[in-house]
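Peer 1: protein38.txt is reproduced below (compact mmCIF, C-alpha atoms).
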# COMPACT_ATOMS: atom_id res chain seq x y z
CA MET A 1 149.35 -97.32 16.12
CA THR A 2 150.70 -100.82 15.67
CA ARG A 3 153.84 -102.06 17.37
CA ARG A 4 154.90 -103.60 14.07
CA GLY A 5 155.18 -100.16 12.46
CA PHE A 6 156.51 -98.32 15.49
CA ILE A 7 160.27 -98.83 15.30
CA ALA A 8 161.65 -99.33 11.84
CA ALA A 9 165.06 -100.25 13.18
CA ALA A 10 165.87 -100.50 16.84
CA GLY A 11 168.41 -101.76 19.27
CA SER A 12 171.55 -101.09 17.27
CA THR A 13 174.43 -100.90 19.71
CA LEU A 14 176.49 -97.76 19.87
CA LEU A 15 180.05 -98.58 20.93
CA ALA A 16 180.43 -102.08 22.21
CA GLY A 17 182.60 -101.04 25.14
CA ARG A 18 182.56 -103.20 28.22
CA ALA A 19 178.99 -103.68 29.35
CA ALA A 20 179.85 -103.36 33.01
CA THR A 21 176.89 -104.53 35.04
CA ALA A 22 175.34 -101.96 37.31
CA GLN A 23 173.05 -104.25 39.25
CA GLY A 24 172.99 -103.59 42.96
CA ARG A 25 173.63 -99.85 42.71
CA LEU A 26 170.58 -99.10 44.81
CA GLN A 27 171.74 -98.76 48.38
CA VAL A 28 170.08 -98.99 51.77
CA GLY A 29 172.47 -97.70 54.39
CA PRO A 30 172.25 -96.44 57.98
CA GLY A 31 170.45 -93.33 56.69
CA GLY A 32 167.88 -95.39 54.78
CA PHE A 33 167.27 -95.82 51.09
CA GLN A 34 169.60 -93.90 48.78
CA PRO A 35 168.38 -93.23 45.20
CA ILE A 36 170.86 -93.29 42.32
CA SER A 37 172.33 -89.88 41.56
CA ILE A 38 172.12 -89.47 37.79
CA ALA A 39 172.96 -86.62 35.41
CA ILE A 40 170.71 -86.45 32.32
CA THR A 41 172.09 -83.99 29.78
CA ASN A 42 169.98 -82.29 27.13
CA PHE A 43 169.82 -84.49 24.05
CA VAL A 44 171.81 -82.79 21.30
CA PRO A 45 169.66 -81.72 18.31
CA GLY A 46 170.99 -82.94 14.97
CA SER A 47 169.82 -79.64 13.48
CA PRO A 48 168.17 -76.49 14.92
CA ALA A 49 164.80 -77.89 13.83
CA ASP A 50 165.30 -80.89 16.15
CA GLY A 51 165.65 -78.77 19.28
CA GLU A 52 162.05 -79.10 20.50
CA VAL A 53 161.90 -82.89 20.25
CA SER A 54 165.38 -83.19 21.80
CA ASN A 55 164.27 -81.19 24.84
CA GLY A 56 161.04 -83.18 25.03
CA VAL A 57 162.84 -86.53 25.10
CA THR A 58 165.21 -85.26 27.80
CA GLN A 59 162.31 -84.08 29.95
CA VAL A 60 160.30 -87.31 29.62
CA ILE A 61 163.33 -89.44 30.60
CA THR A 62 164.07 -87.16 33.57
CA ASN A 63 160.45 -87.25 34.76
CA ASN A 64 160.19 -91.03 34.37
CA LEU A 65 163.30 -91.76 36.42
CA LYS A 66 162.46 -89.18 39.08
CA ARG A 67 158.89 -90.45 39.51
CA SER A 68 160.15 -94.00 40.03
CA GLY A 69 161.73 -92.83 43.27
CA LEU A 70 164.85 -94.90 42.55
CA PHE A 71 166.74 -92.08 40.85
CA ALA A 72 167.70 -88.54 41.86
CA PRO A 73 168.32 -86.53 38.67
CA ILE A 74 170.81 -83.72 39.22
CA ASP A 75 169.64 -80.17 38.43
CA GLN A 76 171.07 -79.18 35.07
CA ALA A 77 171.92 -75.74 36.48
CA ALA A 78 174.73 -77.44 38.41
CA PHE A 79 176.32 -79.02 35.33
CA ILE A 80 179.93 -78.04 34.73
CA GLU A 81 180.26 -79.62 31.28
CA ARG A 82 177.89 -79.03 28.36
CA ILE A 83 177.69 -82.04 26.05
CA SER A 84 177.67 -81.02 22.37
CA ASN A 85 178.99 -84.23 20.79
CA ILE A 86 177.89 -87.59 22.22
CA ASP A 87 180.53 -89.42 20.16
CA VAL A 88 183.27 -87.95 22.37
CA ALA A 89 183.72 -89.40 25.86
CA PRO A 90 182.66 -86.99 28.63
CA GLN A 91 185.13 -85.47 31.05
CA PHE A 92 184.22 -87.73 33.95
CA GLN A 93 185.89 -85.60 36.62
CA ASN A 94 183.31 -82.90 35.91
CA TRP A 95 180.55 -85.35 36.78
CA LYS A 96 182.37 -86.89 39.76
CA THR A 97 182.47 -83.39 41.23
CA LEU A 98 178.67 -83.42 41.21
CA ASN A 99 178.60 -86.86 42.87
CA ALA A 100 176.85 -88.31 39.82
CA GLN A 101 176.91 -92.09 39.71
CA ALA A 102 175.65 -92.26 36.15
CA LEU A 103 175.50 -89.96 33.14
CA VAL A 104 173.09 -89.99 30.18
CA THR A 105 173.88 -88.33 26.85
CA GLY A 106 171.87 -88.45 23.64
CA ARG A 107 171.04 -87.00 20.25
CA MET A 108 167.89 -86.62 18.14
CA THR A 109 168.27 -86.21 14.37
CA ARG A 110 165.66 -85.93 11.61
CA GLN A 111 166.56 -88.18 8.68
CA GLN A 112 166.10 -87.38 5.00
CA ASP A 113 163.20 -89.83 4.79
CA GLY A 114 161.43 -87.96 7.62
CA ARG A 115 162.10 -90.46 10.38
CA LEU A 116 163.69 -89.57 13.70
CA LYS A 117 166.98 -91.13 14.72
CA ALA A 118 167.37 -91.32 18.49
CA GLU A 119 170.71 -92.17 20.08
CA PHE A 120 171.68 -92.42 23.73
CA ARG A 121 174.59 -93.52 25.88
CA LEU A 122 174.62 -94.43 29.57
CA TRP A 123 177.95 -93.95 31.35
CA ASP A 124 179.27 -95.21 34.67
CA VAL A 125 180.87 -92.04 36.02
CA VAL A 126 183.12 -93.80 38.55
CA SER A 127 184.68 -96.29 36.12
CA GLY A 128 184.33 -94.19 32.96
CA GLN A 129 182.80 -97.18 31.18
CA GLN A 130 179.79 -97.10 28.87
CA LEU A 131 177.01 -99.25 30.30
CA ALA A 132 174.57 -99.00 27.40
CA GLY A 133 174.33 -97.38 24.00
CA GLN A 134 171.47 -97.74 21.53
CA GLN A 135 170.00 -96.06 18.48
CA TYR A 136 166.41 -96.15 17.26
CA PHE A 137 164.59 -94.99 14.14
CA THR A 138 160.92 -94.08 14.30
CA SER A 139 158.24 -91.76 12.98
CA PRO A 140 158.39 -88.30 14.63
CA GLU A 141 154.99 -88.68 16.32
CA TYR A 142 156.34 -91.55 18.42
CA TRP A 143 159.11 -89.58 20.10
CA ARG A 144 157.54 -90.04 23.55
CA ARG A 145 157.63 -93.84 23.18
CA ILE A 146 161.32 -93.61 22.30
CA ALA A 147 161.86 -91.62 25.50
CA HIS A 148 160.04 -94.32 27.50
CA ILE A 149 162.08 -97.11 25.89
CA ILE A 150 165.34 -95.28 26.68
CA SER A 151 164.10 -94.78 30.25
CA ASP A 152 163.51 -98.52 30.53
CA GLN A 153 167.04 -99.25 29.26
CA ILE A 154 168.53 -96.95 31.89
CA TYR A 155 166.32 -98.36 34.64
CA GLU A 156 167.29 -101.94 33.82
CA GLN A 157 171.01 -101.24 33.60
CA MET A 158 171.07 -99.38 36.90
CA THR A 159 168.71 -101.53 38.98
CA GLY A 160 168.95 -104.99 37.43
CA GLU A 161 165.15 -105.08 36.98
CA LYS A 162 163.05 -104.53 33.87
CA GLY A 163 161.57 -101.06 33.54
CA TYR A 164 157.89 -100.19 33.19
CA PHE A 165 157.82 -96.83 31.39
CA ASP A 166 156.90 -98.05 27.89
CA SER A 167 153.45 -99.14 28.97
CA ARG A 168 149.87 -97.95 29.02
CA VAL A 169 147.06 -97.74 31.54
CA VAL A 170 143.39 -98.27 30.71
CA PHE A 171 140.95 -96.67 33.16
CA VAL A 172 137.41 -95.37 33.59
CA ASP A 173 137.21 -91.63 32.88
CA GLU A 174 134.45 -89.96 34.92
CA THR A 175 132.85 -86.58 34.20
CA GLY A 176 129.74 -84.70 35.26
CA PRO A 177 127.91 -84.32 38.58
CA LYS A 178 128.06 -87.22 41.00
CA GLU A 179 124.42 -88.24 40.53
CA ARG A 180 124.77 -88.24 36.71
CA ARG A 181 128.36 -89.33 36.24
CA VAL A 182 129.35 -90.20 32.66
CA LYS A 183 131.87 -93.06 32.57
CA ARG A 184 134.00 -93.67 29.49
CA LEU A 185 136.71 -96.21 28.84
CA ALA A 186 140.00 -94.36 28.34
CA MET A 187 143.65 -95.23 27.82
CA MET A 188 146.87 -93.27 28.37
CA ASP A 189 150.62 -93.67 28.67
CA GLN A 190 151.74 -94.63 32.17
CA ASP A 191 152.76 -91.00 32.84
CA GLY A 192 149.33 -89.61 31.93
CA ALA A 193 150.16 -88.45 28.37
CA ASN A 194 148.34 -89.35 25.13
CA VAL A 195 144.88 -89.86 26.60
CA ARG A 196 142.54 -91.61 24.20
CA TYR A 197 138.85 -92.39 24.71
CA LEU A 198 137.67 -95.85 23.70
CA THR A 199 133.93 -95.58 24.39
CA ARG A 200 131.46 -92.71 24.05
CA GLY A 201 129.99 -92.81 27.54
CA SER A 202 126.44 -93.74 26.54
CA ASP A 203 126.66 -96.87 28.71
CA LEU A 204 128.33 -97.48 32.05
CA VAL A 205 131.72 -99.26 31.85
CA LEU A 206 133.60 -101.03 34.64
CA THR A 207 136.71 -103.12 35.38
CA PRO A 208 138.77 -102.86 32.16
CA ARG A 209 141.69 -105.30 31.98
CA PHE A 210 144.52 -105.73 29.46
CA SER A 211 145.36 -108.90 27.63
CA PRO A 212 148.89 -110.01 28.62
CA ASN A 213 150.03 -110.58 25.03
CA SER A 214 147.81 -108.70 22.58
CA GLN A 215 146.29 -105.27 22.08
CA GLU A 216 142.95 -106.28 23.58
CA ILE A 217 141.00 -105.17 26.62
CA THR A 218 138.19 -106.97 28.39
CA TYR A 219 135.63 -104.96 30.35
CA MET A 220 132.06 -104.89 31.63
CA GLU A 221 129.36 -102.66 30.22
CA PHE A 222 125.94 -101.86 31.63
CA GLY A 223 123.65 -101.02 28.72
CA GLN A 224 120.14 -102.19 28.18
CA GLY A 225 119.40 -105.24 30.29
CA ASP A 226 122.08 -107.32 32.03
CA PRO A 227 125.74 -106.25 31.97
CA LYS A 228 127.85 -107.82 29.29
CA VAL A 229 131.56 -108.68 29.00
CA TYR A 230 133.26 -107.25 25.94
CA LEU A 231 136.57 -107.70 24.15
CA PHE A 232 137.90 -104.45 22.65
CA ASN A 233 140.74 -104.38 20.11
CA ILE A 234 142.81 -101.24 20.69
CA GLU A 235 144.37 -101.19 17.24
CA THR A 236 141.19 -101.69 15.20
CA GLY A 237 138.63 -100.14 17.56
CA GLN A 238 136.40 -103.18 17.11
CA ARG A 239 134.64 -104.89 19.99
CA GLU A 240 132.75 -108.12 20.46
CA ILE A 241 130.70 -109.68 23.22
CA VAL A 242 132.51 -112.47 25.05
CA GLY A 243 129.23 -114.17 25.73
CA ASN A 244 125.65 -113.71 26.86
CA PHE A 245 125.28 -114.98 30.39
CA PRO A 246 122.13 -115.11 32.51
CA GLY A 247 122.26 -112.77 35.47
CA MET A 248 125.07 -110.40 36.37
CA THR A 249 128.68 -110.75 35.20
CA PHE A 250 131.61 -109.29 37.17
CA ALA A 251 135.34 -108.64 37.03
CA PRO A 252 136.47 -110.35 33.80
CA ARG A 253 140.24 -110.90 33.49
CA PHE A 254 142.51 -112.63 30.96
CA SER A 255 144.56 -115.74 31.60
CA PRO A 256 148.35 -115.31 31.20
CA ASP A 257 148.28 -116.87 27.72
CA GLY A 258 145.45 -114.56 26.63
CA GLN A 259 143.34 -117.52 25.49
CA ARG A 260 140.81 -117.50 28.30
CA VAL A 261 138.75 -115.03 30.32
CA ILE A 262 137.90 -115.76 33.94
CA MET A 263 134.93 -114.01 35.55
CA SER A 264 132.28 -114.11 38.24
CA LEU A 265 128.66 -114.88 37.30
CA GLN A 266 125.79 -114.13 39.66
CA GLN A 267 123.07 -116.74 40.07
CA GLY A 268 120.42 -115.77 42.56
CA GLY A 269 121.96 -114.48 45.75
CA ASN A 270 125.41 -115.92 45.16
CA SER A 271 128.08 -115.76 42.48
CA ASN A 272 130.67 -118.27 41.31
CA LEU A 273 133.78 -118.28 39.15
CA PHE A 274 133.70 -119.39 35.53
CA VAL A 275 136.34 -119.48 32.81
CA MET A 276 135.65 -119.16 29.09
CA ASP A 277 137.93 -120.43 26.33
CA LEU A 278 138.00 -117.60 23.77
CA ARG A 279 138.60 -119.96 20.85
CA SER A 280 135.84 -122.49 21.46
CA ARG A 281 133.67 -120.17 23.62
CA SER A 282 133.11 -123.10 25.97
CA THR A 283 132.58 -122.20 29.64
CA THR A 284 133.84 -124.14 32.67
CA ARG A 285 132.57 -123.61 36.20
CA LEU A 286 135.35 -123.36 38.80
CA THR A 287 133.49 -122.82 42.09
CA ASP A 288 130.11 -124.00 43.36
CA THR A 289 129.29 -122.47 46.72
CA PRO A 290 126.37 -120.55 48.27
CA ALA A 291 128.78 -117.63 48.77
CA ILE A 292 129.89 -114.66 46.65
CA ASP A 293 133.09 -115.55 44.82
CA THR A 294 134.45 -112.73 42.64
CA SER A 295 137.53 -110.76 41.45
CA PRO A 296 139.61 -113.73 40.21
CA SER A 297 143.21 -113.19 39.10
CA TYR A 298 145.66 -115.73 37.66
CA SER A 299 149.19 -116.35 38.87
CA PRO A 300 151.76 -115.48 36.14
CA ASP A 301 152.35 -119.16 35.32
CA GLY A 302 148.60 -119.78 34.99
CA THR A 303 148.51 -122.63 37.51
CA ARG A 304 146.63 -120.86 40.33
CA ILE A 305 144.09 -118.14 40.89
CA CYS A 306 143.44 -115.80 43.78
CA PHE A 307 139.94 -114.46 44.35
CA GLU A 308 137.65 -112.74 46.83
CA SER A 309 134.98 -114.71 48.70
CA ASP A 310 132.68 -114.29 51.70
CA ARG A 311 132.30 -118.05 52.17
CA GLY A 312 133.71 -117.67 55.68
CA GLY A 313 131.28 -114.92 56.63
CA ARG A 314 133.40 -111.90 55.62
CA SER A 315 135.08 -111.02 52.37
CA GLN A 316 138.57 -112.55 52.34
CA ILE A 317 141.20 -113.64 49.80
CA TYR A 318 141.51 -117.28 48.75
CA VAL A 319 143.90 -119.17 46.46
CA MET A 320 143.12 -122.34 44.53
CA ALA A 321 144.27 -124.30 41.49
CA ALA A 322 143.37 -122.71 38.15
CA GLY A 323 141.14 -125.67 37.29
CA GLY A 324 139.15 -125.39 40.51
CA GLY A 325 139.15 -127.54 43.64
CA GLN A 326 139.77 -126.78 47.28
CA ALA A 327 140.53 -123.13 48.06
CA GLN A 328 142.82 -121.92 50.84
CA ARG A 329 142.19 -118.67 52.68
CA ILE A 330 145.33 -116.52 52.85
CA SER A 331 144.14 -113.19 54.37
CA PHE A 332 144.27 -112.97 58.18
CA SER A 333 144.59 -109.51 59.72
CA LYS A 334 146.69 -109.57 62.88
CA ASP A 335 145.41 -106.24 64.21
CA ASP A 336 141.73 -106.22 63.17
CA ASN A 337 139.55 -109.31 63.33
CA ASN A 338 136.78 -107.47 61.48
CA ALA A 339 138.96 -106.42 58.51
CA THR A 340 137.79 -107.50 55.06
CA TYR A 341 139.88 -108.03 51.93
CA SER A 342 138.93 -107.55 48.29
CA THR A 343 140.17 -106.91 44.69
CA PRO A 344 143.17 -109.29 44.82
CA VAL A 345 145.59 -109.20 41.89
CA TRP A 346 148.69 -111.32 41.35
CA SER A 347 152.01 -109.59 40.63
CA PRO A 348 153.55 -110.19 37.16
CA LYS A 349 156.61 -111.52 39.02
CA GLY A 350 154.50 -113.92 41.06
CA ASP A 351 155.97 -112.78 44.36
CA TYR A 352 153.02 -110.78 45.75
CA ILE A 353 149.26 -110.50 45.72
CA ALA A 354 147.98 -106.94 46.04
CA PHE A 355 144.63 -106.22 47.70
CA THR A 356 142.23 -103.67 49.12
CA ARG A 357 141.67 -103.97 52.88
CA GLN A 358 138.80 -102.33 54.73
CA GLY A 359 138.90 -101.89 58.50
CA GLY A 360 138.76 -99.23 61.16
CA GLY A 361 137.04 -96.80 58.82
CA GLN A 362 139.96 -96.93 56.39
CA PHE A 363 140.53 -98.44 52.97
CA SER A 364 144.14 -99.62 52.57
CA ILE A 365 146.12 -100.87 49.60
CA GLY A 366 148.59 -103.58 50.52
CA VAL A 367 150.55 -106.62 49.41
CA MET A 368 151.12 -110.10 50.82
CA LYS A 369 152.95 -113.19 49.63
CA PRO A 370 150.87 -115.87 47.87
CA ASP A 371 150.81 -117.95 51.04
CA GLY A 372 149.42 -115.00 53.02
CA SER A 373 152.63 -114.17 54.87
CA GLY A 374 154.40 -110.82 54.91
CA GLU A 375 151.30 -108.64 54.73
CA ARG A 376 152.25 -104.98 54.32
CA LEU A 377 149.92 -101.99 53.97
CA LEU A 378 151.29 -99.40 51.55
CA THR A 379 148.75 -96.58 51.85
CA SER A 380 145.50 -95.91 53.72
CA GLY A 381 142.71 -93.39 53.38
CA TYR A 382 138.98 -92.74 53.24
CA HIS A 383 138.45 -94.83 50.11
CA ASN A 384 141.32 -96.50 48.25
CA GLU A 385 140.57 -99.39 45.90
CA GLY A 386 141.47 -101.40 42.82
CA PRO A 387 145.27 -101.96 42.78
CA THR A 388 147.01 -102.89 39.53
CA PHE A 389 150.69 -103.83 39.10
CA SER A 390 153.20 -102.23 36.75
CA PRO A 391 154.70 -104.71 34.23
CA ASN A 392 157.77 -105.26 36.41
CA GLY A 393 155.77 -105.69 39.63
CA ARG A 394 157.54 -102.77 41.31
CA VAL A 395 154.75 -100.18 41.40
CA LEU A 396 151.01 -100.29 42.14
CA MET A 397 148.42 -97.94 40.71
CA PHE A 398 145.01 -97.56 42.38
CA PHE A 399 142.18 -95.06 42.70
CA ARG A 400 141.23 -92.90 45.66
CA ASP A 401 137.83 -91.27 46.22
CA PRO A 402 137.81 -88.56 48.91
CA GLY A 403 134.02 -88.61 49.17
CA GLY A 404 131.59 -85.71 49.10
CA ASN A 405 131.10 -84.00 45.76
CA ALA A 406 134.64 -84.78 44.67
CA GLY A 407 135.46 -87.72 42.43
CA PRO A 408 138.11 -90.43 42.29
CA SER A 409 141.71 -89.90 41.14
CA LEU A 410 144.52 -92.28 40.23
CA PHE A 411 147.60 -92.68 42.42
CA SER A 412 150.72 -94.83 42.31
CA VAL A 413 152.91 -96.18 45.11
CA ASP A 414 156.06 -98.30 45.21
CA ILE A 415 155.63 -101.79 46.71
CA SER A 416 157.87 -100.63 49.57
CA GLY A 417 155.23 -98.00 50.44
CA ARG A 418 157.41 -95.10 49.31
CA PHE A 419 156.93 -92.58 46.50
CA GLU A 420 153.16 -92.23 46.56
CA GLN A 421 152.04 -89.70 43.95
CA LYS A 422 149.01 -88.63 41.99
CA VAL A 423 148.77 -89.74 38.35
CA PRO A 424 147.54 -86.93 36.06
CA THR A 425 144.23 -87.54 34.25
CA PRO A 426 141.92 -85.12 32.40
CA GLY A 427 139.12 -85.53 34.95
CA PHE A 428 138.01 -87.97 37.60
CA ALA A 429 139.35 -91.50 37.07
CA SER A 430 138.87 -94.98 38.55
CA ASP A 431 139.48 -98.70 37.86
CA PRO A 432 143.04 -98.49 36.44
CA ALA A 433 144.64 -101.50 34.76
CA TRP A 434 148.29 -101.52 33.67
CA SER A 435 149.33 -103.00 30.33
CA PRO A 436 152.29 -105.32 29.79
CA LEU A 437 155.53 -103.70 28.63
CA LEU A 438 154.84 -102.70 25.03
CA SER A 439 158.44 -102.86 23.80
CA ALA A 440 158.82 -106.40 25.16
CA THR A 441 156.50 -107.56 22.39
CA ALA A 442 157.46 -105.03 19.71
CA GLY A 443 157.17 -106.40 16.21
CA GLN A 444 154.40 -108.90 17.02
Write the structure described by the file as structure tokens, please.

Peer 2:
Amino acid sequence: MTRRGFIAAAGSTLLAGRAATAQGRLQVGPGGFQPISIAITNFVPGSPADGEVSNGVTQVITNNLKRSGLFAPIDQAAFIERISNIDVAPQFQNWKTLNAQALVTGRMTRQQDGRLKAEFRLWDVVSGQQLAGQQYFTSPEYWRRIAHIISDQIYEQMTGEKGYFDSRVVFVDETGPKERRVKRLAMMDQDGANVRYLTRGSDLVLTPRFSPNSQEITYMEFGQGDPKVYLFNIETGQREIVGNFPGMTFAPRFSPDGQRVIMSLQQGGNSNLFVMDLRSRSTTRLTDTPAIDTSPSYSPDGTRICFESDRGGRSQIYVMAAGGGQAQRISFSKDDNNATYSTPVWSPKGDYIAFTRQGGGQFSIGVMKPDGSGERLLTSGYHNEGPTFSPNGRVLMFFRDPGGNAGPSLFSVDISGRFEQKVPTPGFASDPAWSPLLSATAGQ
């Protein structure tokens, strides 16, 4: 599937109305955080044959908003009014009675040329004003993506932040007994749907990462001999070796412009950071220490990197200029002098660095500001690892391994530490990496 062919016509505004801003509707009062109460009506089918896809779109939108933790969809059994024509304004008193702050109506219609026409409206129940209204045309098989795009529109209007639902996650799918685990590269929608396998499982794969601006993934593969770093094109299925490096290669990750890959190369008992220009294939060394420097991650503006290093004796997080130079340690546990930090990753918004912290027999996922202040642990357990940010920087996904004969599973948690939940996958899963927002680059 190419983004170019996904939406034939999109973004047409339904009813100009007054686009009353809804930013700031999320409330934190004396009783704590209050999610937005929202009524999502069944999308009206344009014909009886459109009933199944209409119900599917409604369910995906409802599940997306509910899972975010920022919305509280009202049970449809409580609805007083049944919407049969979205071109007629709702009776807002019926929705005020339910204490709904917002109302979503929509319609799905099959066109004569076979395409689906999706329409939705978002209403402010209190003012009676339409906040958003769009229509989209797409091939029927892409109805779930339409539902995600509509979810993002609602999320943005009601919170003032970009959504993250029209995105994918690449991860390592794990099957078989623990001593003979088969690991395949897999990709899915952020809600666990549309799982697709990218490798066959004949070789071990690790640390997949998305390009920020193209349909490419970089990852490590252990085949015959030393591990290699590959580039994999999602749309064509083709892959190529980034380069042949002596020794072990770890944790490759793209630069924000997608033109470089930064990685850790082992040389003897230590490892250092290197960056490769993907156009010229020239390699530049960034660190030169007798320590283990690994897991580099760029800041969104590409000027700095954070990475993991044991140069001070224990694994900690450091920040330095993207071109190399002096590095500053930013991880300092206030309650455990023996705590170690690893797998740092910079938020797409630039405001946080997420990490894995080990201490006291626990593995925790947390965030801190780029200067090391404001450290906050979001979840702890026997073995949590590998955080990755959603495109809007609001949610983290990670994997948790309970030990024993069980295998790892994916989980997500809000950066406030609320709304932790398991992410459905076909089997065991590890090493998640979130894509950029697909619709933000639609048509490229």

Peer 1: Tell me, as a list in words, which residues lie within 7 Å of Asn64 (chain A), counting all atoms listed in the file; anything in the same chain fewer than 4 positions away does not count.

Peer 2: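 The residues that qualify are Val60, Ser68, Ser151 and Phe165 of chain A.
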
Peer 1: Suppose you want the space between CA of Ser409 (chain A) and CA of Phe332 (chain A); what is it in Å?

Peer 2: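 These two atoms are separated by 28.8 Å.
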
Peer 1: Can you work out the spacing between CA of Leu396 (chain A) and CA of Phe411 (chain A) in Å, to one decimal?

Peer 2: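 Computed distance, CA of Leu396 (chain A) to CA of Phe411 (chain A), equals 8.3 Å.
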
Peer 1: Using all atoms listed in the file, find the one residue out of A:Gln421, A:Ser37, A:Thr379, A:Thr105 that sits nearest to Val126 (chain A).

Peer 2: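 Smallest distance to Val126 (chain A) is found for A:Ser37.
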
Peer 1: Neighbours of Ser331 (chain A) within 8 Å (all atoms listed in the file; same-chain residues fewer than 3 positions away dropped), as a PyMOL selection string?

Peer 2: chain A and resi 316-318+341+372

Peer 1: Just to be explicit: take each residue in the selection above, keep C-alpha atoms, and write the result as a compact mmCIF listing (two decimals), in the frame of the given file.

Peer 2:
# COMPACT_ATOMS: atom_id res chain seq x y z
CA GLN A 316 138.57 -112.55 52.34
CA ILE A 317 141.20 -113.64 49.80
CA TYR A 318 141.51 -117.28 48.75
CA TYR A 341 139.88 -108.03 51.93
CA GLY A 372 149.42 -115.00 53.02

Peer 1: Give the answer as one residue: which of A:Ser412, A:Ser364, A:Ser127, A:Asn63 has the shortest atom-to-atom distance to Phe389 (chain A), using all atoms listed in the file?

Peer 2: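 Of all the options, A:Ser412 lies closest to Phe389 (chain A).
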
Peer 1: Could you state the separation of CA of Thr97 (chain A) and CA of Ile83 (chain A) in Å, given to one decimal place?

Peer 2: 16.0 Å

Peer 1: Please return the centre and edge lengths, in Å to one decimal, of a box with edges along x, y and z that contains all listed atoms of region 319-323 of chain A, widened by 8 Å on every side, as lines of an AutoDock Vina configuration file.

Peer 2:
center_x = 142.7
center_y = -122.4
center_z = 41.9
size_x = 19.1
size_y = 22.5
size_z = 25.2

Peer 1: Mind listing whatever residues come within 7 Å of the point (135.9, -112.8, 33.1)? Use all atoms listed in the file, file coordinates, and give them as JSON, numbers by chain.

Peer 2: {"A": [250, 251, 252, 253, 254, 261, 262, 263, 264, 275]}

Peer 1: Skipping near chain neighbours, those fewer than 2 positions away, what residues fall within 12 Å of Thr284 (chain A) using all atoms listed in the file, listed as a PyMOL selection string?

Peer 2: chain A and resi 260-265+272-278+280-282+286-288+322-324

Peer 1: I need the residues from that last selection saved to file as a compact mmCIF listing (two decimals), keeping the file's coordinate frame (with C-alpha atoms), if you can.

Peer 2:
# COMPACT_ATOMS: atom_id res chain seq x y z
CA ARG A 260 140.81 -117.50 28.30
CA VAL A 261 138.75 -115.03 30.32
CA ILE A 262 137.90 -115.76 33.94
CA MET A 263 134.93 -114.01 35.55
CA SER A 264 132.28 -114.11 38.24
CA LEU A 265 128.66 -114.88 37.30
CA ASN A 272 130.67 -118.27 41.31
CA LEU A 273 133.78 -118.28 39.15
CA PHE A 274 133.70 -119.39 35.53
CA VAL A 275 136.34 -119.48 32.81
CA MET A 276 135.65 -119.16 29.09
CA ASP A 277 137.93 -120.43 26.33
CA LEU A 278 138.00 -117.60 23.77
CA SER A 280 135.84 -122.49 21.46
CA ARG A 281 133.67 -120.17 23.62
CA SER A 282 133.11 -123.10 25.97
CA LEU A 286 135.35 -123.36 38.80
CA THR A 287 133.49 -122.82 42.09
CA ASP A 288 130.11 -124.00 43.36
CA ALA A 322 143.37 -122.71 38.15
CA GLY A 323 141.14 -125.67 37.29
CA GLY A 324 139.15 -125.39 40.51

Peer 1: In file coordinates, which residues lie within 10 Å of (125.8, -111.2, 22.7) using all atoms listed in the file, given as a ChimeraX atom specification?

Peer 2: /A:228-230,240-245

Peer 1: Within 8 Å of Gly350 (chain A), counting all atoms listed in the file, which residues qualify if same-chain residues fewer than 2 places away don't, as a list in words?

Peer 2: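 Here the answer would be Ser299, Pro300, Trp346, Ser347, Pro348, Tyr352, Ile353 and Pro370 of chain A.
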
Peer 1: Any chance you could export the current selection's C-alpha atoms as a compact mmCIF listing (two decimals), in the frame of the given file?

Peer 2:
# COMPACT_ATOMS: atom_id res chain seq x y z
CA SER A 299 149.19 -116.35 38.87
CA PRO A 300 151.76 -115.48 36.14
CA TRP A 346 148.69 -111.32 41.35
CA SER A 347 152.01 -109.59 40.63
CA PRO A 348 153.55 -110.19 37.16
CA TYR A 352 153.02 -110.78 45.75
CA ILE A 353 149.26 -110.50 45.72
CA PRO A 370 150.87 -115.87 47.87

Peer 1: Just the residues within 9 Å of Arg394 (chain A), please, counting only C-alpha atoms, with nothing from its chain fewer than 2 positions along; format it as number ranges by chain.

Peer 2: A: 163-164, 347, 389-392, 396, 413-416

Peer 1: What does the file look like for those residues with C-alpha atoms, as a short mmCIF file (atom, residue, chain, number, x, y, z; two decimals), keeping the file's coordinate frame?

Peer 2:
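Wrote it out as out38.cif, contents follow:
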data_model
loop_
_atom_site.label_atom_id
_atom_site.label_comp_id
_atom_site.auth_asym_id
_atom_site.auth_seq_id
_atom_site.Cartn_x
_atom_site.Cartn_y
_atom_site.Cartn_z
CA GLY A 163 161.57 -101.06 33.54
CA TYR A 164 157.89 -100.19 33.19
CA SER A 347 152.01 -109.59 40.63
CA PHE A 389 150.69 -103.83 39.10
CA SER A 390 153.20 -102.23 36.75
CA PRO A 391 154.70 -104.71 34.23
CA ASN A 392 157.77 -105.26 36.41
CA LEU A 396 151.01 -100.29 42.14
CA VAL A 413 152.91 -96.18 45.11
CA ASP A 414 156.06 -98.30 45.21
CA ILE A 415 155.63 -101.79 46.71
CA SER A 416 157.87 -100.63 49.57
#

Peer 1: Taking into account all atoms listed in the file, which residue in the set A:Ile40, A:Ala406, A:Leu377, A:Ala354 is nearest to Ser333 (chain A)?

Peer 2: A:Leu377
